[in-house]
>>> print(open('start-v1.tsv').read())   # TSV, C-alpha atoms and all ligand atoms
chain	number	residue	atom	x	y	z
J	1	MET	CA	-7.84	-18.37	-23.98
J	2	GLN	CA	-5.49	-15.69	-22.72
J	3	LEU	CA	-4.73	-16.03	-19.03
J	4	TYR	CA	-1.60	-13.93	-18.75
J	5	ASN	CA	-0.20	-10.57	-19.83
J	6	LYS	CA	1.03	-10.25	-23.36
J	7	LEU	CA	2.15	-6.63	-23.47
J	8	SER	CA	5.29	-5.20	-21.93
J	9	SER	CA	5.04	-2.14	-19.66
J	10	LYS	CA	6.44	0.03	-22.47
J	11	GLU	CA	3.89	-1.19	-25.01
J	12	ARG	CA	1.11	-0.68	-22.50
J	13	GLU	CA	2.28	2.84	-21.68
J	14	GLN	CA	2.18	3.73	-25.36
J	15	LEU	CA	-1.30	2.27	-25.72
J	16	ILE	CA	-2.60	4.26	-22.76
J	17	GLU	CA	-1.06	7.43	-24.15
J	18	GLN	CA	-2.53	6.83	-27.60
J	19	ALA	CA	-5.97	6.09	-26.22
J	20	GLY	CA	-5.77	9.30	-24.18
J	21	GLU	CA	-8.47	7.95	-21.90
J	22	GLU	CA	-8.97	8.72	-18.27
J	23	ARG	CA	-8.36	5.88	-15.79
J	24	PHE	CA	-9.27	5.53	-12.13
J	25	THR	CA	-6.83	4.15	-9.59
J	26	LEU	CA	-8.63	2.15	-6.94
J	27	SER	CA	-8.25	-0.63	-4.44
J	28	PHE	CA	-10.37	-3.05	-2.47
J	29	TYR	CA	-9.98	-6.15	-0.34
J	30	LYS	CA	-12.22	-8.78	1.15
J	31	TYR	CA	-11.57	-11.61	3.55
J	32	HIS	CA	-13.61	-14.55	2.30
J	33	GLN	CA	-12.98	-18.29	2.26
J	34	LEU	CA	-12.14	-19.28	-1.33
J	35	LYS	CA	-12.09	-22.99	-2.09
J	36	ASP	CA	-10.22	-22.72	-5.36
J	37	PRO	CA	-8.13	-19.53	-5.55
J	38	LYS	CA	-6.55	-20.60	-8.86
J	39	ALA	CA	-9.91	-20.96	-10.61
J	40	PHE	CA	-11.05	-17.63	-9.15
J	41	ARG	CA	-7.82	-16.02	-10.34
J	42	ASP	CA	-8.37	-17.22	-13.91
J	43	PHE	CA	-11.99	-16.12	-13.82
J	44	LEU	CA	-10.91	-12.61	-12.76
J	45	PHE	CA	-8.18	-12.45	-15.37
J	46	LEU	CA	-10.51	-13.35	-18.22
J	47	ASN	CA	-13.08	-10.79	-17.20
J	48	TRP	CA	-10.81	-7.94	-16.20
J	49	ASN	CA	-8.55	-8.33	-19.19
J	50	LYS	CA	-11.62	-7.81	-21.39
J	51	LEU	CA	-12.40	-4.59	-19.51
J	52	ASP	CA	-8.84	-3.33	-19.91
J	53	VAL	CA	-8.33	-3.40	-16.15
J	54	LEU	CA	-4.70	-3.27	-14.96
J	55	GLY	CA	-3.20	-3.74	-11.53
J	56	ARG	CA	-1.67	-5.97	-8.91
J	57	ILE	CA	-3.98	-8.46	-7.25
J	58	ASN	CA	-3.40	-11.16	-4.65
J	59	VAL	CA	-5.85	-14.03	-4.38
J	60	ALA	CA	-5.62	-16.58	-1.55
J	61	HIS	CA	-7.76	-19.06	0.35
J	62	GLU	CA	-8.47	-16.17	2.75
J	63	GLY	CA	-9.78	-13.75	0.10
J	64	ILE	CA	-8.67	-11.03	-2.30
J	65	ASN	CA	-6.61	-7.83	-2.14
J	66	ALA	CA	-6.60	-5.71	-5.30
J	67	GLN	CA	-4.92	-2.49	-6.42
J	68	LEU	CA	-6.26	-1.49	-9.81
J	69	SER	CA	-6.37	0.96	-12.67
J	70	VAL	CA	-9.72	0.94	-14.49
J	71	PRO	CA	-10.67	2.94	-17.61
J	72	ALA	CA	-13.18	5.57	-16.50
J	73	LYS	CA	-15.60	4.70	-19.28
J	74	LYS	CA	-15.60	1.01	-18.30
J	75	PHE	CA	-16.05	1.70	-14.61
J	76	GLU	CA	-19.77	0.88	-14.62
J	77	ASP	CA	-19.13	-2.47	-16.33
J	78	PHE	CA	-16.41	-3.18	-13.82
J	79	LYS	CA	-18.74	-2.42	-10.92
J	80	THR	CA	-21.49	-4.59	-12.43
J	81	PHE	CA	-19.01	-7.44	-12.73
J	82	LEU	CA	-17.97	-7.11	-9.08
J	83	ASP	CA	-21.59	-7.02	-7.98
J	84	SER	CA	-22.21	-10.25	-9.87
J	85	ILE	CA	-19.87	-12.04	-7.46
J	86	ASP	CA	-21.72	-12.78	-4.22
J	87	PHE	CA	-19.02	-11.92	-1.73
J	88	LEU	CA	-17.90	-8.81	-3.63
J	89	LYS	CA	-21.34	-7.29	-4.02
J	90	ASP	CA	-21.14	-3.70	-2.74
J	91	VAL	CA	-17.56	-4.15	-1.58
J	92	ARG	CA	-16.12	-0.73	-0.62
J	93	LEU	CA	-13.87	0.59	-3.38
J	94	ASN	CA	-11.14	2.95	-2.29
J	95	ILE	CA	-10.85	5.37	-5.17
J	96	ALA	CA	-7.71	7.52	-5.29
J	97	ILE	CA	-8.24	11.25	-4.94
J	98	GLU	CA	-5.63	12.01	-7.58
J	99	HIS	CA	-5.98	10.57	-11.05
J	100	TYR	CA	-3.01	9.12	-12.78
J	101	ASP	CA	-3.49	7.19	-16.00
J	102	LYS	CA	-0.42	5.03	-15.62
J	103	SER	CA	-0.62	3.83	-12.02
J	104	PHE	CA	-0.35	0.24	-13.29
J	105	LEU	CA	0.84	-1.04	-16.64
J	106	LYS	CA	0.06	-4.72	-16.34
J	107	LEU	CA	-2.65	-6.99	-15.05
J	108	LYS	CA	-0.94	-9.26	-12.56
J	109	ILE	CA	-3.17	-11.58	-10.57
J	110	LYS	CA	-1.28	-13.92	-8.29
J	111	VAL	CA	-2.34	-16.83	-6.14
J	112	ARG	CA	-0.58	-16.46	-2.80
J	113	PRO	CA	-0.67	-18.12	0.62
J	114	LYS	CA	-2.19	-14.91	2.05
J	115	ILE	CA	-3.61	-11.66	0.69
J	116	VAL	CA	-1.24	-9.58	2.82
J	117	HIS	CA	1.98	-10.95	4.16
J	118	ASP	CA	1.33	-10.67	7.91
J	119	GLY	CA	3.57	-13.30	9.49
J	120	LEU	CA	0.67	-14.51	11.65
J	121	ASN	CA	-0.57	-17.99	12.28
J	122	ASP	CA	-4.30	-17.62	11.64
J	123	ALA	CA	-5.29	-20.68	13.65
J	124	THR	CA	-4.46	-18.80	16.86
J	125	PHE	CA	-7.23	-16.24	16.65
J	126	ASP	CA	-10.53	-15.36	15.04
J	127	VAL	CA	-10.02	-12.89	12.18
J	128	THR	CA	-13.69	-12.05	12.02
J	129	ASN	CA	-13.75	-10.74	15.62
J	130	LYS	CA	-12.37	-7.38	14.59
J	131	GLY	CA	-12.39	-3.82	15.92
J	132	VAL	CA	-15.12	-1.23	15.49
J	133	HIS	CA	-14.93	0.46	12.07
J	134	VAL	CA	-15.08	4.24	12.28
J	135	ASP	CA	-15.53	6.86	9.56
J	136	ALA	CA	-13.56	10.10	9.29
J	137	ILE	CA	-15.92	12.10	11.53
J	138	LYS	CA	-15.86	9.57	14.37
J	139	PHE	CA	-12.12	9.05	13.88
J	140	ASN	CA	-11.44	12.79	14.24
J	141	GLU	CA	-13.39	12.77	17.51
J	142	LEU	CA	-11.73	9.66	18.86
J	143	ILE	CA	-8.18	10.82	18.24
J	144	GLU	CA	-8.77	14.00	20.25
J	145	ASP	CA	-9.87	11.93	23.26
J	146	PRO	CA	-7.08	11.97	25.88
J	147	ASN	CA	-7.91	8.36	26.60
J	148	THR	CA	-6.97	7.30	23.07
J	149	VAL	CA	-3.74	5.79	21.83
J	150	LEU	CA	-3.50	6.23	18.07
J	151	VAL	CA	-1.30	3.74	16.27
J	152	ASP	CA	0.02	3.75	12.72
J	153	MET	CA	0.02	0.11	11.53
J	154	ARG	CA	2.34	0.78	8.59
J	155	ASN	CA	6.09	0.46	8.20
J	156	HIS	CA	8.76	3.12	8.79
J	157	TYR	CA	9.14	4.28	5.16
J	158	GLU	CA	5.37	4.86	4.95
J	159	SER	CA	4.78	6.85	8.15
J	160	GLU	CA	7.99	8.79	7.51
J	161	ILE	CA	6.37	10.90	4.76
J	162	GLY	CA	2.94	11.25	6.32
J	163	HIS	CA	0.93	10.30	9.40
J	164	PHE	CA	-1.90	11.43	11.65
J	165	LYS	CA	-1.40	14.03	14.31
J	166	ASN	CA	-0.25	12.42	17.61
J	167	ALA	CA	0.10	8.95	16.10
J	168	VAL	CA	2.56	6.40	17.42
J	169	THR	CA	4.63	5.40	14.37
J	170	PRO	CA	6.65	2.26	15.13
J	171	ASP	CA	10.07	2.24	13.46
J	172	VAL	CA	9.53	-1.19	11.90
J	173	ASP	CA	10.13	-3.00	8.64
J	174	THR	CA	7.24	-5.42	8.94
J	175	PHE	CA	3.67	-5.59	10.12
J	176	ARG	CA	4.56	-8.46	12.46
J	177	GLN	CA	7.14	-6.36	14.31
J	178	SER	CA	4.72	-3.55	14.92
J	179	LEU	CA	2.11	-5.89	16.42
J	180	ASP	CA	4.59	-6.97	19.11
J	181	ILE	CA	5.98	-3.50	19.85
J	182	ILE	CA	2.55	-1.99	20.33
J	183	GLU	CA	1.34	-4.84	22.49
J	184	ALA	CA	4.37	-4.46	24.76
J	185	ASP	CA	3.96	-0.65	24.96
J	186	LEU	CA	0.31	-0.87	25.91
J	187	LYS	CA	0.28	-3.99	28.06
J	188	ASP	CA	-1.00	-2.08	31.12
J	189	HIS	CA	-3.80	-0.39	29.22
J	190	LYS	CA	-5.63	-3.27	27.61
J	191	GLU	CA	-8.90	-2.38	29.28
J	192	ASP	CA	-8.91	1.38	29.86
J	193	LYS	CA	-7.47	3.00	26.71
J	194	ASN	CA	-9.06	3.29	23.28
J	195	LEU	CA	-6.71	1.59	20.88
J	196	VAL	CA	-7.33	3.34	17.56
J	197	MET	CA	-5.46	2.23	14.46
J	198	TYR	CA	-5.12	3.06	10.81
J	199	CYS	CA	-3.24	1.95	7.71
J	200	THR	CA	-3.22	2.78	3.98
J	201	GLY	CA	-6.51	1.24	2.86
J	202	GLY	CA	-7.73	-0.60	5.95
J	203	ILE	CA	-6.64	-4.15	5.21
J	204	ARG	CA	-3.82	-4.37	7.74
J	205	CYS	CA	-6.11	-3.10	10.49
J	206	GLU	CA	-8.59	-5.91	9.77
J	207	LYS	CA	-5.98	-8.36	10.98
J	208	ALA	CA	-4.38	-6.13	13.61
J	209	SER	CA	-7.64	-5.23	15.34
J	210	ALA	CA	-8.67	-8.91	15.56
J	211	TYR	CA	-5.20	-9.74	16.85
J	212	TYR	CA	-5.36	-7.15	19.66
J	213	LYS	CA	-8.83	-8.24	20.68
J	214	HIS	CA	-7.50	-11.77	20.86
J	215	LYS	CA	-4.71	-10.42	23.09
J	216	GLY	CA	-7.21	-8.93	25.52
J	217	PHE	CA	-7.64	-5.32	24.36
J	218	LYS	CA	-11.19	-4.22	25.04
J	219	LYS	CA	-11.67	-0.98	23.10
J	220	VAL	CA	-10.29	-1.47	19.62
J	221	TYR	CA	-11.16	0.84	16.72
J	222	GLN	CA	-9.98	0.98	13.12
J	223	LEU	CA	-10.23	3.66	10.45
J	224	GLU	CA	-12.55	2.25	7.81
J	225	GLY	CA	-10.98	2.34	4.34
J	226	GLY	CA	-7.73	3.67	5.82
J	227	ILE	CA	-6.08	6.95	4.88
J	228	ILE	CA	-7.34	6.73	1.29
J	229	GLU	CA	-11.00	6.74	2.32
J	230	TYR	CA	-10.34	9.27	5.10
J	231	ALA	CA	-8.91	11.74	2.58
J	232	ARG	CA	-11.94	11.29	0.34
J	233	GLN	CA	-14.38	11.90	3.19
J	234	VAL	CA	-12.44	14.94	4.39
J	235	LYS	CA	-12.68	16.40	0.90
J	236	ASP	CA	-16.33	15.45	0.27
J	237	LYS	CA	-17.64	16.54	3.66
J	238	ASN	CA	-15.23	19.41	4.19
J	239	LEU	CA	-13.94	18.01	7.50
J	240	GLU	CA	-10.84	19.06	9.38
J	241	ASN	CA	-7.86	17.14	7.99
J	242	LYS	CA	-5.74	15.68	10.77
J	243	PHE	CA	-3.32	13.88	8.48
J	244	PHE	CA	0.02	15.57	7.77
J	245	GLY	CA	1.96	14.97	4.58
J	246	LYS	CA	1.68	12.21	2.00
J	247	ASN	CA	0.02	8.81	1.95
J	248	PHE	CA	2.45	6.19	0.66
J	249	VAL	CA	0.66	4.00	-1.92
J	250	PHE	CA	1.63	0.81	-3.70
J	251	ASP	CA	1.31	1.79	-7.32
J	252	ASP	CA	3.54	3.77	-9.64
J	253	ARG	CA	2.42	7.07	-8.14
J	254	ARG	CA	4.15	6.01	-4.87
J	255	SER	CA	2.18	8.52	-2.80
J	256	GLU	CA	-0.86	10.77	-2.60
J	257	LYS	CA	-0.57	14.25	-1.19
J	258	ILE	CA	-3.03	14.65	1.68
J	259	SER	CA	-1.78	17.94	3.13
J	260	ASP	CA	0.84	20.44	1.99
J	261	ASP	CA	3.14	19.69	4.94
J	262	VAL	CA	6.48	18.12	4.05
J	263	ILE	CA	7.41	16.15	7.14
J	264	ALA	CA	10.37	14.12	5.85
J	265	LYS	CA	13.84	15.00	4.66
J	266	CYS	CA	16.14	14.03	1.81
J	267	HIS	CA	18.14	11.04	3.03
J	268	GLN	CA	21.27	12.40	1.36
J	269	CYS	CA	21.40	16.12	2.21
J	270	GLY	CA	18.80	16.51	4.97
J	271	LYS	CA	16.74	19.15	3.18
J	272	ALA	CA	12.93	19.00	3.54
J	273	CYS	CA	11.68	16.50	0.96
J	274	ASP	CA	9.16	13.65	0.77
J	275	THR	CA	9.76	12.13	-2.64
J	276	HIS	CA	10.54	8.42	-2.65
J	277	VAL	CA	12.69	7.03	-5.45
J	278	ASN	CA	14.30	3.70	-6.14
J	279	CYS	CA	18.07	3.76	-6.61
J	280	ALA	CA	18.80	3.96	-10.34
J	281	ASN	CA	21.19	1.02	-10.08
J	282	ASP	CA	18.93	-1.95	-10.89
J	283	GLY	CA	21.16	-4.19	-8.82
J	284	CYS	CA	20.38	-2.06	-5.74
J	285	HIS	CA	16.93	-0.55	-6.23
J	286	LEU	CA	16.93	0.79	-2.67
J	287	LEU	CA	13.79	2.75	-1.83
J	288	PHE	CA	14.75	6.07	-0.29
J	289	ILE	CA	13.95	9.79	-0.17
J	290	GLN	CA	15.93	11.96	-2.54
J	291	CYS	CA	15.57	15.67	-3.42
J	292	GLU	CA	15.92	16.93	-6.98
J	293	ASP	CA	19.36	18.41	-6.38
J	294	CYS	CA	20.70	15.16	-4.99
J	295	ALA	CA	19.01	13.21	-7.78
J	296	LYS	CA	20.94	15.30	-10.31
J	297	LYS	CA	24.19	15.13	-8.44
J	298	MET	CA	23.95	11.38	-7.82
J	299	ASP	CA	22.30	10.37	-11.13
J	300	GLY	CA	19.39	9.01	-9.11
J	301	CYS	CA	21.63	6.70	-7.09
J	302	CYS	CA	21.79	6.02	-3.36
J	303	SER	CA	25.60	5.96	-3.18
J	304	ILE	CA	28.83	6.64	-5.06
J	305	GLN	CA	29.21	2.87	-5.51
J	306	CYS	CA	25.85	2.63	-7.26
J	307	GLN	CA	26.64	5.72	-9.30
J	308	ASP	CA	29.85	4.06	-10.53
J	309	ILE	CA	27.85	1.00	-11.53
J	310	VAL	CA	25.21	2.90	-13.55
J	311	HIS	CA	28.02	4.46	-15.59
J	312	LEU	CA	29.20	1.02	-16.71
J	313	PRO	CA	27.92	-0.50	-19.97
J	314	TYR	CA	24.59	-2.28	-19.44
J	315	GLU	CA	25.99	-5.77	-20.14
J	316	GLU	CA	28.66	-5.19	-17.51
J	317	GLN	CA	26.00	-4.11	-15.00
J	318	LYS	CA	24.04	-7.28	-15.71
J	319	ARG	CA	27.11	-9.40	-15.18
J	320	LEU	CA	27.71	-7.75	-11.78
J	321	ARG	CA	24.15	-8.45	-10.72
J	322	SER	CA	24.03	-12.12	-11.62
J	323	GLY	CA	24.71	-14.49	-8.79
J	324	ARG	CA	24.31	-11.87	-6.10
J	325	PRO	CA	21.69	-13.12	-3.66
J	326	ASP	CA	19.92	-9.76	-3.37
J	327	GLY	CA	20.61	-8.70	-6.96
J	328	ASN	CA	17.67	-6.92	-8.51
J	329	ARG	CA	15.52	-7.22	-5.43
J	330	LYS	CA	12.58	-5.06	-6.24
J	331	PHE	CA	11.41	-2.46	-3.77
J	332	LYS	CA	14.11	-2.83	-1.13
J	333	LYS	CA	12.74	-0.96	1.83
J	334	GLY	CA	14.57	2.20	2.74
J	335	ARG	CA	17.38	1.37	5.14
J	336	SER	CA	21.05	1.57	4.29
J	337	PRO	CA	24.18	2.82	6.06
J	338	VAL	CA	24.97	4.96	2.97
J	339	LEU	CA	22.02	7.25	3.73
J	340	LYS	CA	23.29	9.94	6.07
J	341	PHE	CA	19.94	11.40	6.98
J	342	LYS	CA	17.97	8.22	7.59
Y	401	ZN	ZN	19.08	16.14	-1.09
Y	402	ZN	ZN	21.93	2.07	-4.67
>>> encode(input="start-v1.tsv", output="C-alpha cells", more="lines below")
Ligand SMILES: [Zn+2]
Ligand SMILES: [Zn+2]
Amino acid sequence: MQLYNKLSSKEREQLIEQAGEERFTLSFYKYHQLKDPKAFRDFLFLNWNKLDVLGRINVAHEGINAQLSVPAKKFEDFKTFLDSIDFLKDVRLNIAIEHYDKSFLKLKIKVRPKIVHDGLNDATFDVTNKGVHVDAIKFNELIEDPNTVLVDMRNHYESEIGHFKNAVTPDVDTFRQSLDIIEADLKDHKEDKNLVMYCTGGIRCEKASAYYKHKGFKKVYQLEGGIIEYARQVKDKNLENKFFGKNFVFDDRRSEKISDDVIAKCHQCGKACDTHVNCANDGCHLLFIQCEDCAKKMDGCCSIQCQDIVHLPYEEQKRLRSGRPDGNRKFKKGRSPVLKFK
C-alpha cells in the first residue's frame, strides 16, 4: 500500500509534460470535526493518488484545507469521490481562472494541529458563529456603501501586488497580527459600521469573521470563496471588477492576474513590477519582487552577498547552509533590509 510520494518533482514534471494532459488548479476547505485525522489523511492519499491528484493538503481535527491540481479528464471521478464523503458533499471548489499544468508536482497530505495557522485559541470563541457570506454582486454593492470598512485579511506580501479598491491592507506578517490591528482601529465602530472582509479563498475570513463577532462587531460580512471565486463570478457574469492587480496564490504559479494594473514595484530598482520570486540562493530563499532587469543583473538574488554565494560550487554552498538556524527556510516572507524599495 503506497501512502507517500515516490516521484521527485523533476520526474513528475517530465511525466506531466509527456502526458500532455490538461490539469485544473483548484482549492477547497471545510471546517468539520474529524476524530481521526491520520486515518482520513491515509484514506485521501490512497484515493487521490489513484486519480493522479497532486497538491498540498492540511488535515486536522478541525477539518481540511486543500490546494490541488487535478487532471481535467479525471475531474468527474474526483468530484464523485468528494461527494461520497458526507461532510464534503457539494463543498464549493475554487477553480483557478488560469490553467497551469504544473501548479503542484507532488501529493503532500499532512496532519497538522490546525488547517490554517491562525495563532488563535479556539476555546475562546465559537467558530461556527461566522459572518454573512456575500457573493461578488452583493460584495460590489457593500464596498461602495460609505458605512462600510473593507479589510484585507491577508499579509503584506499578498496585498502588495493586488487588493480591492478602498481596502484597508494591514502591513502584517501574520493573520494574528491583523486581527488585533483591525480590532483596535475599529473599536468605536463595532455596532454602526459594516465590517466587510476578504482573503484569497475565503478560509481566513471564516475564522476572522467569527472572531470579530465574538469581539462584539455586529455587522460582519465575508466574501464567499475569496478573491478566487470573486474573479470567476466577475468573468462569468460580466460584473464590474473592483480588484486591482494580482491575486497571490499558494501554488507554483504564485499569482493570478485579476486586472491589468501593476500596483507594486521591484524591490531592487523601484520600477513598476509585481512578479514575486524567491532568492536564488537556497540558503536565503527570500520571497521578494524582482523585475527582469534586476533578475539578470543579480542572477535572481536578493543581495550581493547571496549573489556571491550562488557563484560558489554547490558543495561549498551546502556547507555554508548547514548549521545555520534559518538555513534553507522555505518561503521566507518578503522583508529584508537589503531591499531598497520595500
Ligand atoms: Zn528592478
Ligand atoms: Zn538572498
>>> residues_near_ligand(input="start-v1.tsv", ligand="ligand ZN 402 (chain Y)", cutoff="10 Å", atoms="all atoms listed in the file", output="number ranges by chain")
J: 278-288, 300-307, 309-310, 332, 336, 338-339
>>> write_last_selection(input="start-v1.tsv", atoms="C-alpha atoms", output="compact mmCIF listing (two decimals), in the coordinates of the input")
# COMPACT_ATOMS: atom_id res chain seq x y z
CA ASN J 278 14.30 3.70 -6.14
CA CYS J 279 18.07 3.76 -6.61
CA ALA J 280 18.80 3.96 -10.34
CA ASN J 281 21.19 1.02 -10.08
CA ASP J 282 18.93 -1.95 -10.89
CA GLY J 283 21.16 -4.19 -8.82
CA CYS J 284 20.38 -2.06 -5.74
CA HIS J 285 16.93 -0.55 -6.23
CA LEU J 286 16.93 0.79 -2.67
CA LEU J 287 13.79 2.75 -1.83
CA PHE J 288 14.75 6.07 -0.29
CA GLY J 300 19.39 9.01 -9.11
CA CYS J 301 21.63 6.70 -7.09
CA CYS J 302 21.79 6.02 -3.36
CA SER J 303 25.60 5.96 -3.18
CA ILE J 304 28.83 6.64 -5.06
CA GLN J 305 29.21 2.87 -5.51
CA CYS J 306 25.85 2.63 -7.26
CA GLN J 307 26.64 5.72 -9.30
CA ILE J 309 27.85 1.00 -11.53
CA VAL J 310 25.21 2.90 -13.55
CA LYS J 332 14.11 -2.83 -1.13
CA SER J 336 21.05 1.57 4.29
CA VAL J 338 24.97 4.96 2.97
CA LEU J 339 22.02 7.25 3.73
>>> residues_around(input="start-v1.tsv", residues="Gln2 in chain J", least_positions_apart="4", cutoff="12 Å", atoms="only C-alpha atoms", output="PyMOL selection string")
chain J and resi 6-7+42-50+107
>>> residues_near_ligand(input="start-v1.tsv", ligand="ligand ZN 401 (chain Y)", cutoff="10 Å", atoms="only C-alpha atoms and all ligand atoms", output="PyMOL selection string")
chain J and resi 265-273+289-298+341
>>> residues_near_point(input="start-v1.tsv", point="(-12.6, 8.9, -17.9)", cutoff="9 Å", atoms="all atoms listed in the file", output="PyMOL selection string")
chain J and resi 21-24+71-75
>>> atom_distance(input="start-v1.tsv", atom1="CA of Thr275 in chain J", atom2="CA of Phe244 in chain J")
14.7 Å
>>> residues_around(input="start-v1.tsv", residues="range 165-177 of chain J", least_positions_apart="6", cutoff="10 Å", atoms="only C-alpha atoms", output="VMD selection string")
chain J and resid 116 to 120 143 to 144 149 to 159 196 to 198 204 208 241 to 244 333 to 335
>>> closest_residue(input="start-v1.tsv", among="J:Lys89, J:Lys342, J:Lys246, J:His133", to="Gly225 in chain J", atoms="all atoms listed in the file")
J:His133
>>> residues_around(input="start-v1.tsv", residues="range 90-96 of chain J", least_positions_apart="5", cutoff="7 Å", atoms="only C-alpha atoms", output="number ranges by chain")
J: 25-28, 83, 225, 228-229
>>> build_atoms(input="start-v1.tsv", residues="range 209-216 of chain J", atoms="all heavy atoms", output="compact mmCIF listing (two decimals), keeping the file's coordinate frame")
# COMPACT_ATOMS: atom_id res chain seq x y z
N SER J 209 -6.62 -5.47 14.31
CA SER J 209 -7.64 -5.23 15.34
C SER J 209 -8.10 -6.56 15.92
O SER J 209 -8.30 -6.69 17.13
CB SER J 209 -8.81 -4.42 14.77
OG SER J 209 -9.53 -5.17 13.83
N ALA J 210 -8.27 -7.58 15.07
CA ALA J 210 -8.67 -8.91 15.56
C ALA J 210 -7.57 -9.48 16.46
O ALA J 210 -7.85 -10.10 17.49
CB ALA J 210 -8.93 -9.84 14.38
N TYR J 211 -6.33 -9.24 16.07
CA TYR J 211 -5.20 -9.74 16.85
C TYR J 211 -5.19 -9.12 18.25
O TYR J 211 -5.04 -9.82 19.26
CB TYR J 211 -3.90 -9.40 16.11
CG TYR J 211 -2.65 -9.86 16.81
CD1 TYR J 211 -2.25 -11.20 16.73
CD2 TYR J 211 -1.88 -8.98 17.57
CE1 TYR J 211 -1.10 -11.64 17.38
CE2 TYR J 211 -0.73 -9.41 18.22
CZ TYR J 211 -0.34 -10.74 18.12
OH TYR J 211 0.78 -11.16 18.76
N TYR J 212 -5.39 -7.81 18.34
CA TYR J 212 -5.36 -7.15 19.66
C TYR J 212 -6.56 -7.54 20.52
O TYR J 212 -6.44 -7.65 21.73
CB TYR J 212 -5.27 -5.63 19.51
CG TYR J 212 -3.91 -5.20 19.03
CD1 TYR J 212 -3.75 -4.46 17.87
CD2 TYR J 212 -2.77 -5.56 19.74
CE1 TYR J 212 -2.50 -4.09 17.42
CE2 TYR J 212 -1.51 -5.20 19.30
CZ TYR J 212 -1.39 -4.47 18.14
OH TYR J 212 -0.14 -4.11 17.70
N LYS J 213 -7.69 -7.77 19.89
CA LYS J 213 -8.83 -8.24 20.68
C LYS J 213 -8.53 -9.61 21.26
O LYS J 213 -8.80 -9.90 22.41
CB LYS J 213 -10.11 -8.25 19.82
CG LYS J 213 -10.62 -6.84 19.58
CD LYS J 213 -11.90 -6.83 18.81
CE LYS J 213 -13.11 -7.10 19.71
NZ LYS J 213 -14.37 -6.89 18.97
N HIS J 214 -7.92 -10.43 20.43
CA HIS J 214 -7.50 -11.77 20.86
C HIS J 214 -6.52 -11.67 22.03
O HIS J 214 -6.48 -12.52 22.92
CB HIS J 214 -6.87 -12.47 19.65
CG HIS J 214 -6.17 -13.75 19.95
ND1 HIS J 214 -6.84 -14.90 20.29
CD2 HIS J 214 -4.85 -14.07 19.96
CE1 HIS J 214 -5.97 -15.87 20.49
NE2 HIS J 214 -4.76 -15.40 20.30
N LYS J 215 -5.71 -10.61 22.03
CA LYS J 215 -4.71 -10.42 23.09
C LYS J 215 -5.28 -9.71 24.31
O LYS J 215 -4.54 -9.30 25.21
CB LYS J 215 -3.52 -9.60 22.55
CG LYS J 215 -2.69 -10.36 21.54
CD LYS J 215 -1.83 -11.40 22.25
CE LYS J 215 -0.94 -12.14 21.26
NZ LYS J 215 -0.02 -13.05 21.97
N GLY J 216 -6.59 -9.45 24.32
CA GLY J 216 -7.21 -8.93 25.52
C GLY J 216 -7.52 -7.44 25.53
O GLY J 216 -7.98 -6.90 26.53
